[in-house]
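Below is entry-v4.txt, which holds compact mmCIF, C-alpha atoms.
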# COMPACT_ATOMS: atom_id res chain seq x y z
CA MET O 9 -26.72 15.59 -7.74
CA PRO O 10 -22.97 16.14 -7.34
CA PRO O 11 -20.76 13.07 -6.88
CA PHE O 12 -19.75 14.37 -3.49
CA THR O 13 -21.36 16.80 -1.09
CA PHE O 14 -20.21 20.04 0.44
CA LYS O 15 -19.60 18.03 3.62
CA ASP O 16 -17.29 15.71 1.65
CA VAL O 17 -15.39 18.73 0.35
CA ASP O 18 -15.10 20.05 3.89
CA ASN O 19 -13.95 16.65 5.20
CA CYS O 20 -11.22 16.40 2.56
CA ALA O 21 -10.12 20.00 3.15
CA GLN O 22 -10.00 19.57 6.95
CA SER O 23 -8.02 16.36 6.75
CA TYR O 24 -5.64 17.79 4.15
CA LEU O 25 -4.93 20.70 6.51
CA ILE O 26 -3.80 18.15 9.09
CA ILE O 27 -1.52 16.52 6.53
CA GLN O 28 -0.10 19.92 5.58
CA ARG O 29 1.02 20.45 9.20
CA ILE O 30 3.34 17.44 8.96
CA PRO O 31 6.95 18.56 8.41
CA ASN O 32 7.95 18.14 4.77
CA TYR O 33 4.42 16.84 4.08
CA SER O 34 4.51 17.38 0.32
CA GLU O 35 7.59 15.28 -0.31
CA ARG O 36 6.60 12.65 2.27
CA THR O 37 3.07 12.33 0.89
CA GLY O 38 4.26 12.25 -2.72
CA LEU O 39 6.87 9.59 -1.99
CA LEU O 40 4.34 7.49 -0.15
CA ILE O 41 1.82 7.77 -3.00
CA PHE O 42 4.35 6.76 -5.64
CA ARG O 43 5.82 3.91 -3.55
CA LYS O 44 2.33 2.50 -3.09
CA PHE O 45 1.48 3.08 -6.76
CA PHE O 46 4.60 1.30 -8.01
CA ASP O 47 4.03 -1.57 -5.56
CA LEU O 48 0.47 -1.95 -6.86
CA CYS O 49 1.34 -1.36 -10.49
CA PRO O 50 5.00 -2.10 -11.33
CA ASP O 51 4.12 -2.29 -15.04
CA ALA O 52 3.62 1.48 -14.93
CA ILE O 53 7.25 2.22 -14.01
CA PRO O 54 8.47 2.22 -17.66
CA LEU O 55 5.98 5.02 -18.47
CA PHE O 56 7.99 7.48 -16.39
CA SER O 57 10.96 9.49 -17.62
CA PHE O 58 12.93 8.40 -14.56
CA ALA O 59 12.34 4.65 -15.07
CA HIS O 60 15.98 4.10 -16.06
CA GLU O 61 17.01 5.37 -12.61
CA LEU O 62 14.90 2.71 -10.89
CA LYS O 63 16.85 -0.38 -11.86
CA SER O 64 15.16 -3.63 -10.89
CA THR O 65 15.17 -7.22 -12.01
CA ASP O 66 11.55 -8.00 -11.12
CA GLY O 67 9.97 -4.84 -12.51
CA GLY O 68 9.37 -3.37 -9.05
CA LEU O 69 11.40 -0.96 -6.97
CA GLU O 70 14.83 -2.33 -6.10
CA GLU O 71 15.44 -0.38 -2.89
CA GLU O 72 13.20 1.34 -0.37
CA ASP O 73 14.86 4.73 -0.93
CA ILE O 74 15.38 4.43 -4.70
CA LEU O 75 12.76 7.10 -5.45
CA GLU O 76 14.52 9.64 -3.24
CA LYS O 77 17.81 8.93 -5.03
CA SER O 78 16.34 9.84 -8.42
CA PRO O 79 16.42 13.58 -9.17
CA LEU O 80 13.93 13.11 -12.03
CA CYS O 81 11.58 11.15 -9.79
CA MET O 82 11.74 13.80 -7.08
CA MET O 83 11.00 16.48 -9.67
CA HIS O 84 8.00 14.45 -10.86
CA ILE O 85 6.78 14.03 -7.29
CA ARG O 86 7.02 17.80 -6.71
CA LEU O 87 5.02 18.43 -9.89
CA PHE O 88 2.47 15.79 -8.87
CA MET O 89 2.07 17.29 -5.41
CA ASN O 90 1.68 20.79 -6.91
CA LYS O 91 -1.16 19.40 -9.06
CA PHE O 92 -2.54 17.60 -6.00
CA SER O 93 -2.57 20.91 -4.08
CA ASP O 94 -4.17 22.67 -7.06
CA THR O 95 -6.86 19.99 -7.01
CA MET O 96 -7.48 20.53 -3.32
CA ASP O 97 -7.65 24.30 -3.89
CA THR O 98 -10.22 23.79 -6.65
CA LEU O 99 -12.59 21.79 -4.45
CA GLY O 100 -15.96 23.37 -3.93
CA PRO O 101 -19.60 23.02 -4.76
CA ASP O 102 -18.88 23.85 -8.41
CA VAL O 103 -17.34 20.64 -9.78
CA GLU O 104 -16.94 22.00 -13.31
CA SER O 105 -13.62 23.69 -12.48
CA LEU O 106 -12.30 20.48 -10.99
CA GLU O 107 -13.53 18.49 -14.00
CA GLU O 108 -11.73 20.85 -16.41
CA LEU O 109 -8.51 20.54 -14.43
CA MET O 110 -8.71 16.73 -14.38
CA ILE O 111 -9.71 16.37 -18.05
CA ASP O 112 -6.63 18.35 -19.09
CA PHE O 113 -4.48 16.29 -16.75
CA ALA O 114 -5.93 13.04 -18.11
CA ARG O 115 -5.45 14.07 -21.73
CA ARG O 116 -1.72 14.52 -21.17
CA HIS O 117 -1.38 11.25 -19.28
CA LYS O 118 -3.22 9.27 -21.92
CA GLU O 119 -0.56 10.34 -24.43
CA TYR O 120 2.04 8.69 -22.18
CA GLY O 121 0.18 5.36 -22.16
CA VAL O 122 -1.60 5.66 -18.83
CA THR O 123 -4.50 3.19 -18.68
CA LYS O 124 -7.74 2.93 -16.70
CA GLU O 125 -6.06 0.29 -14.55
CA HIS O 126 -3.28 2.76 -13.74
CA HIS O 127 -5.91 5.32 -12.71
CA HIS O 128 -7.56 2.78 -10.45
CA MET O 129 -4.24 1.87 -8.83
CA MET O 130 -3.39 5.55 -8.32
CA LYS O 131 -6.76 6.04 -6.62
CA ILE O 132 -5.90 3.24 -4.20
CA ALA O 133 -2.40 4.62 -3.65
CA ILE O 134 -3.73 8.11 -2.90
CA ASN O 135 -6.41 6.87 -0.51
CA GLU O 136 -4.01 4.57 1.35
CA SER O 137 -1.40 7.35 1.55
CA VAL O 138 -3.89 9.87 2.93
CA GLU O 139 -4.94 7.29 5.52
CA ALA O 140 -1.31 6.61 6.45
CA MET O 141 -0.43 10.30 6.70
CA LEU O 142 -3.44 10.98 8.94
CA GLY O 143 -2.82 7.93 11.12
CA ASP O 144 -4.88 7.99 14.31
CA GLU O 145 -6.43 11.32 13.33
CA LEU O 146 -8.30 9.70 10.42
CA LYS O 147 -12.05 9.83 10.95
CA PRO O 148 -14.31 7.28 9.19
CA GLU O 149 -16.26 10.07 7.46
CA TRP O 150 -13.00 11.55 6.15
CA LYS O 151 -12.01 8.18 4.69
CA GLN O 152 -15.39 7.94 2.98
CA SER O 153 -15.10 11.50 1.62
CA TRP O 154 -11.61 10.86 0.22
CA ASP O 155 -12.92 7.74 -1.48
CA LYS O 156 -15.78 9.73 -3.04
CA LEU O 157 -13.42 12.48 -4.21
CA SER O 158 -10.83 10.12 -5.66
CA SER O 159 -13.54 8.03 -7.33
CA PHE O 160 -14.96 11.16 -8.95
CA ILE O 161 -11.53 12.30 -10.14
CA MET O 162 -10.72 8.89 -11.61
CA ARG O 163 -14.09 8.72 -13.40
CA VAL O 164 -13.46 12.13 -14.95
CA MET O 165 -9.93 11.17 -15.96
CA GLN O 166 -11.14 7.97 -17.61
CA LYS O 167 -13.64 9.67 -19.89
CA ASP O 168 -12.78 9.31 -23.56
Would it be possible to restate this file's structure as structure tokens?
Amino acid sequence: MPPFTFKDVDNCAQSYLIIQRIPNYSERTGLLIFRKFFDLCPDAIPLFSFAHELKSTDGGLEEEDILEKSPLCMMHIRLFMNKFSDTMDTLGPDVESLEELMIDFARRHKEYGVTKEHHHMMKIAINESVEAMLGDELKPEWKQSWDKLSSFIMRVMQKD
């Protein structure tokens, strides 16, 4: 049995269409995901090529808009959101294509020192960001479907 159903795929696709209608959704969603991720997991900041642009004394983000001020960070966010969109485009009843995409993605990130804990924190950041972007339009079944999808993706990415 697949980790998520066709209805879950449909729920994620429908809700992502709503997010895509938000002006500048890609940048806004990406920034929100990374702000949440770095708040949850400040020890991951040094893994990024733009870490030197995010000066902080406590290991977290110094200013609210520091990510936007970093050209390298914004480039990374655009690449991340392109991969995020590719992932959404790959959704369907055939999970093998999605697994292949995520295994390749995970292989590259493992080389950078990304850990299982980082994957878990990114899952939380993505789910919370989707919820925030949807706001009052979020349906309970959509939240459950996003959790199933992100859990599946993180399990695939954590395979050795």
Checklist entry - Interatomic distance between CA of Ala140 (chain O) and CA of Asp18 (chain O)? => result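 Atom-to-atom, CA of Ala140 (chain O) and CA of Asp18 (chain O) are spaced 19.4 Å apart.
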Item to check | Residues near Glu108 (chain O), cut-off 12 Å, only C-alpha atoms, skip fewer than 4 positions along chain, as a ChimeraX atom specification | outcome: /O:95,98,102-104,112-115,161,164-165,167
Counting only C-alpha atoms, which residues in region 9-106 of chain O sit no more than 10 Å from region 134-139 of chain O? For each one, give the nearest pair of atoms and the distance in Å, sorted by chain then residue number, as a Markdown table.
| residue | atom | partner | partner_atom | distance |
| --- | --- | --- | --- | --- |
| O:Cys20 | CA | O:Val138 | CA | 9.8 |
| O:Ser23 | CA | O:Val138 | CA | 8.6 |
| O:Tyr24 | CA | O:Val138 | CA | 8.2 |
| O:Ile27 | CA | O:Val138 | CA | 7.9 |
| O:Arg36 | CA | O:Ser137 | CA | 9.6 |
| O:Thr37 | CA | O:Ser137 | CA | 6.7 |
| O:Gly38 | CA | O:Ser137 | CA | 8.6 |
| O:Leu39 | CA | O:Ser137 | CA | 9.3 |
| O:Leu40 | CA | O:Ser137 | CA | 6.0 |
| O:Ile41 | CA | O:Ile134 | CA | 5.6 |
| O:Phe42 | CA | O:Ile134 | CA | 8.6 |
| O:Arg43 | CA | O:Ser137 | CA | 9.5 |
| O:Lys44 | CA | O:Ser137 | CA | 7.7 |
| O:Phe45 | CA | O:Ile134 | CA | 8.2 |
Using C-alpha atoms, can you export the residues from the last selection as a compact mmCIF listing (two decimals), in the coordinates of the input?
# COMPACT_ATOMS: atom_id res chain seq x y z
CA CYS O 20 -11.22 16.40 2.56
CA SER O 23 -8.02 16.36 6.75
CA TYR O 24 -5.64 17.79 4.15
CA ILE O 27 -1.52 16.52 6.53
CA ARG O 36 6.60 12.65 2.27
CA THR O 37 3.07 12.33 0.89
CA GLY O 38 4.26 12.25 -2.72
CA LEU O 39 6.87 9.59 -1.99
CA LEU O 40 4.34 7.49 -0.15
CA ILE O 41 1.82 7.77 -3.00
CA PHE O 42 4.35 6.76 -5.64
CA ARG O 43 5.82 3.91 -3.55
CA LYS O 44 2.33 2.50 -3.09
CA PHE O 45 1.48 3.08 -6.76
Checklist entry - Suppose you want the space between CA of Arg163 (chain O) and CA of Lys151 (chain O); what is it in Å? => result 18.2 Å
Checklist entry - In terms of the shortest atom-to-atom distance over all atoms listed in the file, which of O:Glu125, O:Glu61, O:Glu35, O:Asp47 is closest to Arg86 (chain O)? => result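 Closest candidate: O:Glu35.
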Checklist entry - Counting all atoms listed in the file, which of O:His84, O:Ser93, O:Gly121, O:Leu99 gets nearest to Thr13 (chain O)? => result O:Leu99
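Going from CA of Phe14 (chain O) to CA of Ser153 (chain O) covers 10.0 Å.
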Checklist entry - What's the 9 Å shell around Gln152 (chain O), counting only C-alpha atoms, without same-chain residues fewer than 5 positions away, as a count of residues only? => result 3
Checklist entry - Which residues come within 12 Å of Leu80 (chain O), counting only C-alpha atoms, excluding same-chain residues fewer than 5 positions away, as a list in words? => result Phe56, Ser57, Phe58, Ala59, His60, Glu61, Leu62, Ile74, Leu75, Ile85, Arg86 and Leu87 of chain O
Checklist entry - Nearest to Val17 (chain O) among O:Met96, O:Leu109, O:Val122, O:Leu142, with distances taken over all atoms listed in the file: which residue is it? => result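 Ranking O:Met96, O:Leu109, O:Val122, O:Leu142 by distance to Val17 (chain O), first place goes to O:Met96.
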Determine the axis-aligned bounding box of all atoms of region 89-97 of chain O present in the file, pad each side by 6 Å, and express its centre and edge lengths in Å to one decimal place as JSON.
{"center_x": -2.8, "center_y": 20.8, "center_z": -6.2, "size_x": 21.7, "size_y": 19.0, "size_z": 17.7}
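Comparing O:Met130, O:Lys156, O:Ala21, O:Glu145 by their smallest distance to Phe46 (chain O), the closest is O:Met130 (using all atoms listed in the file).
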